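Since the structure comes first, as structure tokens, the remarks are kept for the end.
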Amino acid sequence: MTAPVPDPAAPLRQSFARQTRAVEVAREILAVFDAHQAQFRLVTRRAEARFLQRDWQGAQLDAAERLTLYRQFVGWSMHDLRRTLPEAADLGFWVSLREAYAREARLRLDAELALTFFNSVTRQVLRVVGPATGVYFGDRDFQTLPPVAASQELRVYSADHGLESLFRSLLGQLPFAARYDGLDADAALVARAVAADLAAQPELGPLERVELVPSPFYRNKGAYLVGRLRTAGGVLPLVIAVVHDEDGLRTDAALTTSDEVSVVFSFTRSYFQVEVDCPRALVGFLRSLTPLKPVGELYTSLGYHKHGKTELVRALFRHMETHDARFELAAGDKGLVMAVFALPSLNVVFKLIKDHFGPPKRTTRQQVMEKYHLVFVRDRVGRLADAQEFEDLEFARDRFGPRLLEELEAECAGTLRVDGDRVIIRHLYTERRVTPLNLYLREVDESRGIDAILDYGQAIKDLAAANIFTGDMLLKNFGVTRHGRVIFYDYDELCLLTECNFREIPRARHEEDEFSAEPWFAVGERDVFPEEFRVFMTLPGRLGEAFRTTHGDLLTVEFWRRMQDLARQGEVIDFFPYKPARRLPR
């Protein structure tokens with residue numbers, strides 16, 4: 001029998017077929033990504049109408065809907081690939097697919113978002129861990145994307161004819177300018193405020209022009225105009241806040257410092273609704289206004305939270321390549337639900353849910369995850385830290401100190417495993433690192449301590465007004481940001497305020513009741529007794545006196561029931577990201 005003659009062209013044909021198939025699949029994934037982007041933009045475009053109609057509840061529903069889109073479209077792409085792709089388990093094919101996808105996506109204005117989408121789909125299909133597989137886009141792939149314009153396309157307004165004329169022209173080009181009855185008066189107010197800020201920095205010289213992002217940034221009950229002041233001697237940020245109340249449209253504040261802009265784009269606030277053609281260009285422009293803000297947080301603030309996670313991971317691994325740093329236990333009191341660690345030189349903490357929770361905790365792992373999801377989809381009103389959720393992260397074992405790794409293996413074995421010289425974490429949350437409030441109060445003088453303790457009470461009230469009950473109000477569960485704001489970051493007991501039953505403690509039946517270790521009355525699962533807050537809210541000295549004077553109503557049932565009534569009525573409270581002193585005078 002004659003042996004078959006080898007076909008020297010067969011490998012070439014197989015390679016060509018694989019490349020052709022890889023291009024087809026790459027375009028299929030990109031088509032789903034484009035569908036996601038179209039739906040994302042559709043929801044975003046509703047923001048202007050919501051603002052003009054003062055439909056604040058509708059705006060909150062839109063914000064929540066937009067957050068669900070990414071997982072939905074990744075799921076559709078994943079299911080399509082698993083159904084139609086025989087090569088799904090062939091890592092070699094996925095390397096070819098990755099290369100084909102890069103060629104198709106790299107010239108897009110949203111190329112970085114497209115690469116992140118590919119990584120998300122690939123993770124869901126393959127469930128492989130670590131960059132060594134070669135199927136994911138890594139830091140270098142993002143670094144070598146073609147450059148975009150140095151700045152976002154801007155509108156430019158000359159100061160040649162005076163500040164009032166400039167801001168009259170600027171406000172007059174808003175998409176809702178026709179409905180802005182007090183435009184001239186507000187232009188004068190903004191002009192005076194900007195002139196005062198410039199006069200306080202004479203080294204900058206006179207204003208030459210204003211450069212403005214064309215699209216307003218909508219969030220909650222405000223529309224924000226974002227740009228910069230270009231003077232003869234330098235550049236200052238500019239954010240103008242426009243509100244819409246019963247009296248109509250009006251300008252509420254003009255902010256001109258990097259710190260103020262950083263707070264506007266804070267990690268403790270909901271994401272903006274803003275129409276963006278080139279995300280990289282807009283983020284680059286925003287970084288010129290607030291250079292200390294991490295790139296990932298800026299992407300997240302625009303609603304691109306998945307790419308914000310990509311940027312955080314890129315920063316983390318770049319940091320670990322250039323710094324001889326090890327993870328260590330985070331500062332603060334040890335928690336019962338979460339194991340928390342950090343890199344000393346990175347402004348992030350990593351939180352793993354423990355396998356078992358010590359008493360008096362009665363929650364479950366699933367319930368804790370539901371609490372974190374609740375924070376993700378709710379309005380955080382500047383008082384809740386944004387938590388990013390990650391799966392299947394891999395680190396070198398020598399990046400963990402022996403004591404930390406021993407503790408994590410003992411308390412989080414269901415989430416973390418050591419495989420040779422690698423540590424693989426199945427699930428974790430990251431949050432921006434802040435100073436725990438109890439530690440902060442030990443370190444600062446009395447004046448700053450009083451400011452912090454008063455803001456602690458205000459944080460609880462702000463959250464209550466947003467229908468959020470923190471549950472555990474111990475000082476250790478609150479933190480102080482670099483801007484001095486007090487925020488909450490421990491979510492295992494958080495719930496909606498309307499789910500609670502606020503009660504007064506019943507009067508004792510006889511003297512023995514008052515000394516009993518157990519309550520002499522029935523207590524339901526949702527019952528809350530504000531009188532008991534005195535135990536951890538009462539501080540010694542002037543701090544305690546200041547707190548009781550300003551926030552003593554937190555210890556009363558009446559306060560909490562009043563907040564519940566507002567929440568049940570659907571009231572959306574004003575929470576603006578600037579100090580009252582920065583509001584324009586009326």
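Going by the structure tokens order, chains are called A, B, ..., each with residues numbered from 1, while ligands are numbered from 1 in the order shown.
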Enumerate, in order of chain and increasing residue number, the residues of range 257-352 of chain A with an atom no farther than 12 Å from range 89-113 of chain A, each with its shortest atom pair and distance in Å to one decimal, counting only C-alpha atoms, as a Markdown table.
```
| residue | atom | partner | partner_atom | distance |
| --- | --- | --- | --- | --- |
| A:Val276 | CA | A:Asp110 | CA | 9.4 |
| A:Asp277 | CA | A:Leu109 | CA | 6.9 |
| A:Cys278 | CA | A:Leu109 | CA | 5.0 |
| A:Pro279 | CA | A:Asp110 | CA | 6.2 |
| A:Arg280 | CA | A:Asp110 | CA | 7.4 |
| A:Ala281 | CA | A:Leu109 | CA | 8.8 |
| A:Leu282 | CA | A:Leu109 | CA | 11.0 |
| A:Val283 | CA | A:Asp110 | CA | 11.8 |
| A:Tyr299 | CA | A:Leu113 | CA | 9.9 |
| A:Thr300 | CA | A:Leu113 | CA | 11.7 |
| A:Gly303 | CA | A:Leu113 | CA | 11.5 |
| A:Tyr304 | CA | A:Leu113 | CA | 8.0 |
| A:His305 | CA | A:Leu113 | CA | 10.1 |
| A:Lys306 | CA | A:Leu113 | CA | 8.3 |
| A:His307 | CA | A:Leu113 | CA | 6.1 |
| A:Gly308 | CA | A:Leu113 | CA | 9.6 |
| A:Lys309 | CA | A:Leu113 | CA | 11.1 |
| A:Thr310 | CA | A:Leu113 | CA | 9.3 |
| A:Glu311 | CA | A:Glu112 | CA | 9.9 |
```
N, CA, C and O atoms of the current selection, written as a PDB file, in the first residue's frame:
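Contents of the output file part14.pdb:
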```
ATOM      1  N   VAL A 276     -19.272  61.100  25.706  1.00  0.00           N
ATOM      2  CA  VAL A 276     -17.834  61.096  25.475  1.00  0.00           C
ATOM      3  C   VAL A 276     -17.543  60.417  24.140  1.00  0.00           C
ATOM      4  O   VAL A 276     -18.010  59.303  23.896  1.00  0.00           O
ATOM      5  N   ASP A 277     -16.771  61.065  23.282  1.00  0.00           N
ATOM      6  CA  ASP A 277     -16.339  60.439  22.034  1.00  0.00           C
ATOM      7  C   ASP A 277     -15.034  59.659  22.228  1.00  0.00           C
ATOM      8  O   ASP A 277     -14.892  58.549  21.719  1.00  0.00           O
ATOM      9  N   CYS A 278     -14.105  60.254  22.945  1.00  0.00           N
ATOM     10  CA  CYS A 278     -12.797  59.629  23.139  1.00  0.00           C
ATOM     11  C   CYS A 278     -12.474  59.629  24.637  1.00  0.00           C
ATOM     12  O   CYS A 278     -11.998  60.639  25.170  1.00  0.00           O
ATOM     13  N   PRO A 279     -12.746  58.544  25.327  1.00  0.00           N
ATOM     14  CA  PRO A 279     -12.538  58.517  26.785  1.00  0.00           C
ATOM     15  C   PRO A 279     -11.112  58.858  27.194  1.00  0.00           C
ATOM     16  O   PRO A 279     -10.893  59.587  28.170  1.00  0.00           O
ATOM     17  N   ARG A 280     -10.113  58.352  26.447  1.00  0.00           N
ATOM     18  CA  ARG A 280      -8.717  58.631  26.820  1.00  0.00           C
ATOM     19  C   ARG A 280      -8.416  60.123  26.793  1.00  0.00           C
ATOM     20  O   ARG A 280      -7.695  60.650  27.647  1.00  0.00           O
ATOM     21  N   ALA A 281      -8.950  60.811  25.787  1.00  0.00           N
ATOM     22  CA  ALA A 281      -8.697  62.246  25.682  1.00  0.00           C
ATOM     23  C   ALA A 281      -9.344  62.999  26.836  1.00  0.00           C
ATOM     24  O   ALA A 281      -8.739  63.906  27.421  1.00  0.00           O
ATOM     25  N   LEU A 282     -10.584  62.615  27.184  1.00  0.00           N
ATOM     26  CA  LEU A 282     -11.261  63.297  28.283  1.00  0.00           C
ATOM     27  C   LEU A 282     -10.554  63.028  29.603  1.00  0.00           C
ATOM     28  O   LEU A 282     -10.353  63.946  30.407  1.00  0.00           O
ATOM     29  N   VAL A 283     -10.154  61.777  29.840  1.00  0.00           N
ATOM     30  CA  VAL A 283      -9.443  61.463  31.074  1.00  0.00           C
ATOM     31  C   VAL A 283      -8.115  62.215  31.136  1.00  0.00           C
ATOM     32  O   VAL A 283      -7.717  62.717  32.194  1.00  0.00           O
ATOM     33  N   TYR A 299     -11.692  57.226  35.089  1.00  0.00           N
ATOM     34  CA  TYR A 299     -12.517  56.394  34.207  1.00  0.00           C
ATOM     35  C   TYR A 299     -13.788  55.948  34.933  1.00  0.00           C
ATOM     36  O   TYR A 299     -14.900  55.995  34.379  1.00  0.00           O
ATOM     37  N   THR A 300     -13.634  55.507  36.166  1.00  0.00           N
ATOM     38  CA  THR A 300     -14.785  55.034  36.933  1.00  0.00           C
ATOM     39  C   THR A 300     -15.792  56.153  37.137  1.00  0.00           C
ATOM     40  O   THR A 300     -17.010  55.937  37.028  1.00  0.00           O
ATOM     41  N   GLY A 303     -18.312  56.476  34.523  1.00  0.00           N
ATOM     42  CA  GLY A 303     -19.176  55.317  34.294  1.00  0.00           C
ATOM     43  C   GLY A 303     -18.463  54.132  33.689  1.00  0.00           C
ATOM     44  O   GLY A 303     -19.061  53.066  33.533  1.00  0.00           O
ATOM     45  N   TYR A 304     -17.183  54.256  33.359  1.00  0.00           N
ATOM     46  CA  TYR A 304     -16.419  53.152  32.785  1.00  0.00           C
ATOM     47  C   TYR A 304     -15.724  52.386  33.911  1.00  0.00           C
ATOM     48  O   TYR A 304     -14.496  52.301  33.985  1.00  0.00           O
ATOM     49  N   HIS A 305     -16.537  51.812  34.795  1.00  0.00           N
ATOM     50  CA  HIS A 305     -15.980  51.214  36.008  1.00  0.00           C
ATOM     51  C   HIS A 305     -15.148  49.974  35.700  1.00  0.00           C
ATOM     52  O   HIS A 305     -14.183  49.691  36.418  1.00  0.00           O
ATOM     53  N   LYS A 306     -15.484  49.252  34.654  1.00  0.00           N
ATOM     54  CA  LYS A 306     -14.682  48.067  34.329  1.00  0.00           C
ATOM     55  C   LYS A 306     -13.288  48.469  33.839  1.00  0.00           C
ATOM     56  O   LYS A 306     -12.297  47.833  34.207  1.00  0.00           O
ATOM     57  N   HIS A 307     -13.207  49.496  33.047  1.00  0.00           N
ATOM     58  CA  HIS A 307     -11.874  49.932  32.638  1.00  0.00           C
ATOM     59  C   HIS A 307     -11.158  50.615  33.805  1.00  0.00           C
ATOM     60  O   HIS A 307      -9.920  50.575  33.877  1.00  0.00           O
ATOM     61  N   GLY A 308     -11.906  51.219  34.698  1.00  0.00           N
ATOM     62  CA  GLY A 308     -11.290  51.731  35.919  1.00  0.00           C
ATOM     63  C   GLY A 308     -10.579  50.627  36.680  1.00  0.00           C
ATOM     64  O   GLY A 308      -9.475  50.820  37.209  1.00  0.00           O
ATOM     65  N   LYS A 309     -11.185  49.433  36.723  1.00  0.00           N
ATOM     66  CA  LYS A 309     -10.535  48.283  37.355  1.00  0.00           C
ATOM     67  C   LYS A 309      -9.277  47.876  36.592  1.00  0.00           C
ATOM     68  O   LYS A 309      -8.252  47.538  37.196  1.00  0.00           O
ATOM     69  N   THR A 310      -9.353  47.905  35.263  1.00  0.00           N
ATOM     70  CA  THR A 310      -8.166  47.591  34.463  1.00  0.00           C
ATOM     71  C   THR A 310      -7.023  48.537  34.804  1.00  0.00           C
ATOM     72  O   THR A 310      -5.873  48.111  34.982  1.00  0.00           O
ATOM     73  N   GLU A 311      -7.325  49.825  34.903  1.00  0.00           N
ATOM     74  CA  GLU A 311      -6.287  50.805  35.213  1.00  0.00           C
ATOM     75  C   GLU A 311      -5.725  50.596  36.617  1.00  0.00           C
ATOM     76  O   GLU A 311      -4.524  50.777  36.844  1.00  0.00           O
TER      77      GLU A 311
END
```
Find the residues near Phe51 in chain A: any atom within 8 Å, counting only C-alpha atoms, skip ones fewer than 5 places away on the same chain, and give them as a PyMOL selection string.
-> chain A and resi 56+59+218+221-223+244
Next, the residues of the selection above should be written as a PDB file, in the first residue's frame with all heavy atoms.
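Generated file (selection-v9.pdb):
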```
ATOM      1  N   TRP A  56     -35.695  63.405  39.301  1.00  0.00           N
ATOM      2  CA  TRP A  56     -34.536  62.884  40.022  1.00  0.00           C
ATOM      3  C   TRP A  56     -34.626  61.386  40.244  1.00  0.00           C
ATOM      4  O   TRP A  56     -33.608  60.685  40.216  1.00  0.00           O
ATOM      5  CB  TRP A  56     -34.374  63.622  41.347  1.00  0.00           C
ATOM      6  CG  TRP A  56     -34.472  65.111  41.216  1.00  0.00           C
ATOM      7  CD1 TRP A  56     -35.262  65.953  41.945  1.00  0.00           C
ATOM      8  CD2 TRP A  56     -33.765  65.962  40.290  1.00  0.00           C
ATOM      9  NE1 TRP A  56     -35.094  67.257  41.537  1.00  0.00           N
ATOM     10  CE2 TRP A  56     -34.181  67.296  40.532  1.00  0.00           C
ATOM     11  CE3 TRP A  56     -32.830  65.722  39.290  1.00  0.00           C
ATOM     12  CZ2 TRP A  56     -33.683  68.382  39.803  1.00  0.00           C
ATOM     13  CZ3 TRP A  56     -32.336  66.796  38.566  1.00  0.00           C
ATOM     14  CH2 TRP A  56     -32.759  68.101  38.823  1.00  0.00           C
ATOM     15  N   ALA A  59     -33.578  59.782  37.078  1.00  0.00           N
ATOM     16  CA  ALA A  59     -32.127  59.847  36.914  1.00  0.00           C
ATOM     17  C   ALA A  59     -31.435  58.754  37.723  1.00  0.00           C
ATOM     18  O   ALA A  59     -30.458  58.154  37.259  1.00  0.00           O
ATOM     19  CB  ALA A  59     -31.618  61.222  37.338  1.00  0.00           C
ATOM     20  N   TYR A 218     -23.616  65.334  34.061  1.00  0.00           N
ATOM     21  CA  TYR A 218     -24.813  65.266  34.891  1.00  0.00           C
ATOM     22  C   TYR A 218     -24.623  64.225  35.995  1.00  0.00           C
ATOM     23  O   TYR A 218     -24.082  63.133  35.763  1.00  0.00           O
ATOM     24  CB  TYR A 218     -26.032  64.880  34.049  1.00  0.00           C
ATOM     25  CG  TYR A 218     -26.401  65.892  32.995  1.00  0.00           C
ATOM     26  CD1 TYR A 218     -25.958  65.740  31.679  1.00  0.00           C
ATOM     27  CD2 TYR A 218     -27.188  66.994  33.301  1.00  0.00           C
ATOM     28  CE1 TYR A 218     -26.292  66.666  30.701  1.00  0.00           C
ATOM     29  CE2 TYR A 218     -27.526  67.926  32.323  1.00  0.00           C
ATOM     30  CZ  TYR A 218     -27.079  67.748  31.027  1.00  0.00           C
ATOM     31  OH  TYR A 218     -27.406  68.664  30.060  1.00  0.00           O
ATOM     32  N   LYS A 221     -28.687  65.771  41.130  1.00  0.00           N
ATOM     33  CA  LYS A 221     -29.507  66.952  40.858  1.00  0.00           C
ATOM     34  C   LYS A 221     -28.679  68.116  40.308  1.00  0.00           C
ATOM     35  O   LYS A 221     -29.109  69.261  40.362  1.00  0.00           O
ATOM     36  CB  LYS A 221     -30.241  67.381  42.136  1.00  0.00           C
ATOM     37  CG  LYS A 221     -31.190  66.302  42.638  1.00  0.00           C
ATOM     38  CD  LYS A 221     -31.757  66.607  44.008  1.00  0.00           C
ATOM     39  CE  LYS A 221     -32.867  67.609  43.970  1.00  0.00           C
ATOM     40  NZ  LYS A 221     -33.565  67.726  45.278  1.00  0.00           N
ATOM     41  N   GLY A 222     -27.505  67.819  39.767  1.00  0.00           N
ATOM     42  CA  GLY A 222     -26.640  68.873  39.259  1.00  0.00           C
ATOM     43  C   GLY A 222     -26.150  68.606  37.856  1.00  0.00           C
ATOM     44  O   GLY A 222     -26.081  67.456  37.395  1.00  0.00           O
ATOM     45  N   ALA A 223     -25.810  69.696  37.149  1.00  0.00           N
ATOM     46  CA  ALA A 223     -25.110  69.631  35.867  1.00  0.00           C
ATOM     47  C   ALA A 223     -23.819  70.425  36.049  1.00  0.00           C
ATOM     48  O   ALA A 223     -23.852  71.566  36.524  1.00  0.00           O
ATOM     49  CB  ALA A 223     -25.956  70.230  34.749  1.00  0.00           C
ATOM     50  N   HIS A 244     -31.164  72.865  39.222  1.00  0.00           N
ATOM     51  CA  HIS A 244     -32.505  73.132  38.696  1.00  0.00           C
ATOM     52  C   HIS A 244     -33.491  72.889  39.826  1.00  0.00           C
ATOM     53  O   HIS A 244     -33.796  71.743  40.166  1.00  0.00           O
ATOM     54  CB  HIS A 244     -32.792  72.204  37.511  1.00  0.00           C
ATOM     55  CG  HIS A 244     -34.045  72.560  36.765  1.00  0.00           C
ATOM     56  ND1 HIS A 244     -34.623  71.738  35.833  1.00  0.00           N
ATOM     57  CD2 HIS A 244     -34.832  73.672  36.809  1.00  0.00           C
ATOM     58  CE1 HIS A 244     -35.703  72.302  35.343  1.00  0.00           C
ATOM     59  NE2 HIS A 244     -35.842  73.483  35.918  1.00  0.00           N
TER      60      HIS A 244
END
```
Could you pull the residues within 9 Å of Phe576 in chain A, counting only C-alpha atoms, minus those fewer than 2 positions along the same chain, as a list in words?
-> Asn220, Lys221, Gly222, Ala241, Val264, Val381, Gly382, Asp574, Tyr578, Lys579 and Pro580 of chain A
Within 6 Å of Pro237 in chain A, counting only C-alpha atoms, which residues qualify if same-chain residues fewer than 2 places away don't, as a ChimeraX atom specification?
-> /A:228,256-257,289
Top pick for closest residue to Val263 in chain A, considering A:Leu42, A:Thr481, A:Val226, A:Ala339 and counting only C-alpha atoms |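 Closest residue, counting only C-alpha atoms: A:Thr481.
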Can you list, as an mmCIF file with C-alpha atoms, in the first residue's frame, all residues belonging to range 172-406 of chain A that DSSP tags as alpha helix (DSSP H)?
```
data_model
loop_
_atom_site.group_PDB
_atom_site.id
_atom_site.type_symbol
_atom_site.label_atom_id
_atom_site.label_comp_id
_atom_site.auth_asym_id
_atom_site.auth_seq_id
_atom_site.Cartn_x
_atom_site.Cartn_y
_atom_site.Cartn_z
ATOM 1 C CA GLY A 172 -25.468 80.841 26.504
ATOM 2 C CA LEU A 183 -28.446 83.663 32.600
ATOM 3 C CA ASP A 184 -27.168 87.260 32.607
ATOM 4 C CA ALA A 185 -27.324 87.585 36.384
ATOM 5 C CA ASP A 186 -25.579 84.240 36.863
ATOM 6 C CA ALA A 187 -22.862 85.175 34.377
ATOM 7 C CA ALA A 188 -22.144 88.209 36.548
ATOM 8 C CA LEU A 189 -22.030 86.056 39.702
ATOM 9 C CA VAL A 190 -19.601 83.562 38.140
ATOM 10 C CA ALA A 191 -17.461 86.404 36.790
ATOM 11 C CA ARG A 192 -17.161 87.964 40.260
ATOM 12 C CA ALA A 193 -16.321 84.623 41.876
ATOM 13 C CA VAL A 194 -13.634 83.794 39.304
ATOM 14 C CA ALA A 195 -12.196 87.316 39.497
ATOM 15 C CA ALA A 196 -11.905 86.972 43.292
ATOM 16 C CA ASP A 197 -10.116 83.627 43.011
ATOM 17 C CA LEU A 198 -7.696 85.024 40.427
ATOM 18 C CA ALA A 199 -7.056 88.142 42.525
ATOM 19 C CA SER A 258 -7.521 71.022 42.086
ATOM 20 C CA ASP A 259 -8.692 69.872 45.513
ATOM 21 C CA GLU A 260 -12.231 71.070 44.800
ATOM 22 C CA VAL A 261 -12.262 69.319 41.425
ATOM 23 C CA SER A 262 -10.907 66.154 43.051
ATOM 24 C CA VAL A 263 -13.867 66.160 45.457
ATOM 25 C CA VAL A 264 -16.294 66.651 42.547
ATOM 26 C CA PRO A 279 -12.538 58.517 26.785
ATOM 27 C CA ARG A 280 -8.717 58.631 26.820
ATOM 28 C CA ALA A 281 -8.697 62.246 25.682
ATOM 29 C CA LEU A 282 -11.261 63.297 28.283
ATOM 30 C CA VAL A 283 -9.443 61.463 31.074
ATOM 31 C CA GLY A 284 -6.188 63.085 29.981
ATOM 32 C CA PHE A 285 -7.845 66.483 30.201
ATOM 33 C CA LEU A 286 -9.312 65.757 33.637
ATOM 34 C CA ARG A 287 -5.879 64.713 34.890
ATOM 35 C CA SER A 288 -4.592 68.143 33.924
ATOM 36 C CA LEU A 289 -7.152 69.568 36.374
ATOM 37 C CA VAL A 295 -6.454 57.409 36.211
ATOM 38 C CA GLY A 296 -8.641 54.454 37.179
ATOM 39 C CA GLU A 297 -10.806 56.631 39.414
ATOM 40 C CA LEU A 298 -11.362 59.124 36.602
ATOM 41 C CA TYR A 299 -12.517 56.394 34.207
ATOM 42 C CA THR A 300 -14.785 55.034 36.933
ATOM 43 C CA SER A 301 -16.231 58.478 37.652
ATOM 44 C CA HIS A 305 -15.980 51.214 36.008
ATOM 45 C CA LYS A 306 -14.682 48.067 34.329
ATOM 46 C CA HIS A 307 -11.874 49.932 32.638
ATOM 47 C CA GLY A 308 -11.290 51.731 35.919
ATOM 48 C CA LYS A 309 -10.535 48.283 37.355
ATOM 49 C CA THR A 310 -8.166 47.591 34.463
ATOM 50 C CA GLU A 311 -6.287 50.805 35.213
ATOM 51 C CA LEU A 312 -6.086 49.909 38.909
ATOM 52 C CA VAL A 313 -4.616 46.480 38.121
ATOM 53 C CA ARG A 314 -2.150 48.052 35.677
ATOM 54 C CA ALA A 315 -1.052 50.532 38.337
ATOM 55 C CA LEU A 316 -0.781 47.761 40.941
ATOM 56 C CA PHE A 317 1.442 45.499 38.861
ATOM 57 C CA ARG A 318 3.569 48.367 37.566
ATOM 58 C CA HIS A 319 4.014 49.425 41.155
ATOM 59 C CA MET A 320 5.058 45.936 42.209
ATOM 60 C CA GLU A 321 7.581 45.728 39.376
ATOM 61 C CA THR A 322 9.300 48.948 40.409
ATOM 62 C CA ARG A 365 -20.842 35.495 52.817
ATOM 63 C CA GLN A 366 -23.640 35.910 50.269
ATOM 64 C CA GLN A 367 -25.278 38.603 52.363
ATOM 65 C CA VAL A 368 -21.991 40.502 52.654
ATOM 66 C CA MET A 369 -21.593 40.423 48.866
ATOM 67 C CA GLU A 370 -25.164 41.684 48.497
ATOM 68 C CA LYS A 371 -24.329 44.634 50.769
ATOM 69 C CA TYR A 372 -21.359 45.570 48.593
ATOM 70 C CA HIS A 373 -23.528 45.316 45.495
ATOM 71 C CA LEU A 374 -26.100 47.588 47.156
ATOM 72 C CA VAL A 375 -23.390 50.215 47.650
ATOM 73 C CA PHE A 376 -22.344 49.792 44.002
ATOM 74 C CA VAL A 377 -25.804 50.596 42.628
ATOM 75 C CA PRO A 402 4.868 35.305 56.341
ATOM 76 C CA ARG A 403 2.593 36.507 59.170
ATOM 77 C CA LEU A 404 0.062 38.022 56.750
ATOM 78 C CA LEU A 405 -0.006 34.958 54.506
ATOM 79 C CA GLU A 406 -0.422 32.645 57.485
#
```
Can you work out which one of A:Val242, A:Leu539, A:Val235, A:Ala200 has the shortest atom-to-atom distance to Leu52 in chain A, counting only C-alpha atoms?
->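 Among A:Val242, A:Leu539, A:Val235, A:Ala200, it is A:Val242 that comes nearest to Leu52 in chain A.
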Among the residues of range 137-190 of chain A, find those DSSP assigns to strand (DSSP E) from the backbone and print them as a list in words.
-> Arg155, Val156, Tyr157 and Ser158 of chain A
Kindly export the residues of the current selection with N, CA, C and O atoms, as a tab-separated table (two decimals), in the first residue's frame.
```
chain	number	residue	atom	x	y	z
A	155	ARG	N	-14.26	73.81	23.80
A	155	ARG	CA	-14.75	75.12	23.39
A	155	ARG	C	-13.88	76.17	24.06
A	155	ARG	O	-13.56	76.06	25.23
A	156	VAL	N	-13.53	77.19	23.32
A	156	VAL	CA	-12.63	78.23	23.83
A	156	VAL	C	-13.38	79.56	23.86
A	156	VAL	O	-14.02	79.95	22.87
A	157	TYR	N	-13.30	80.24	25.02
A	157	TYR	CA	-13.96	81.53	25.21
A	157	TYR	C	-12.91	82.56	25.60
A	157	TYR	O	-12.22	82.42	26.61
A	158	SER	N	-12.80	83.61	24.80
A	158	SER	CA	-11.79	84.64	25.03
A	158	SER	C	-12.26	85.62	26.10
A	158	SER	O	-13.45	85.95	26.20
```
What is the distance, in Å and to one decimal place, between CA of Trp76 in chain A and CA of Val32 in chain A?
->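 CA of Trp76 in chain A sits 7.9 Å away from CA of Val32 in chain A.
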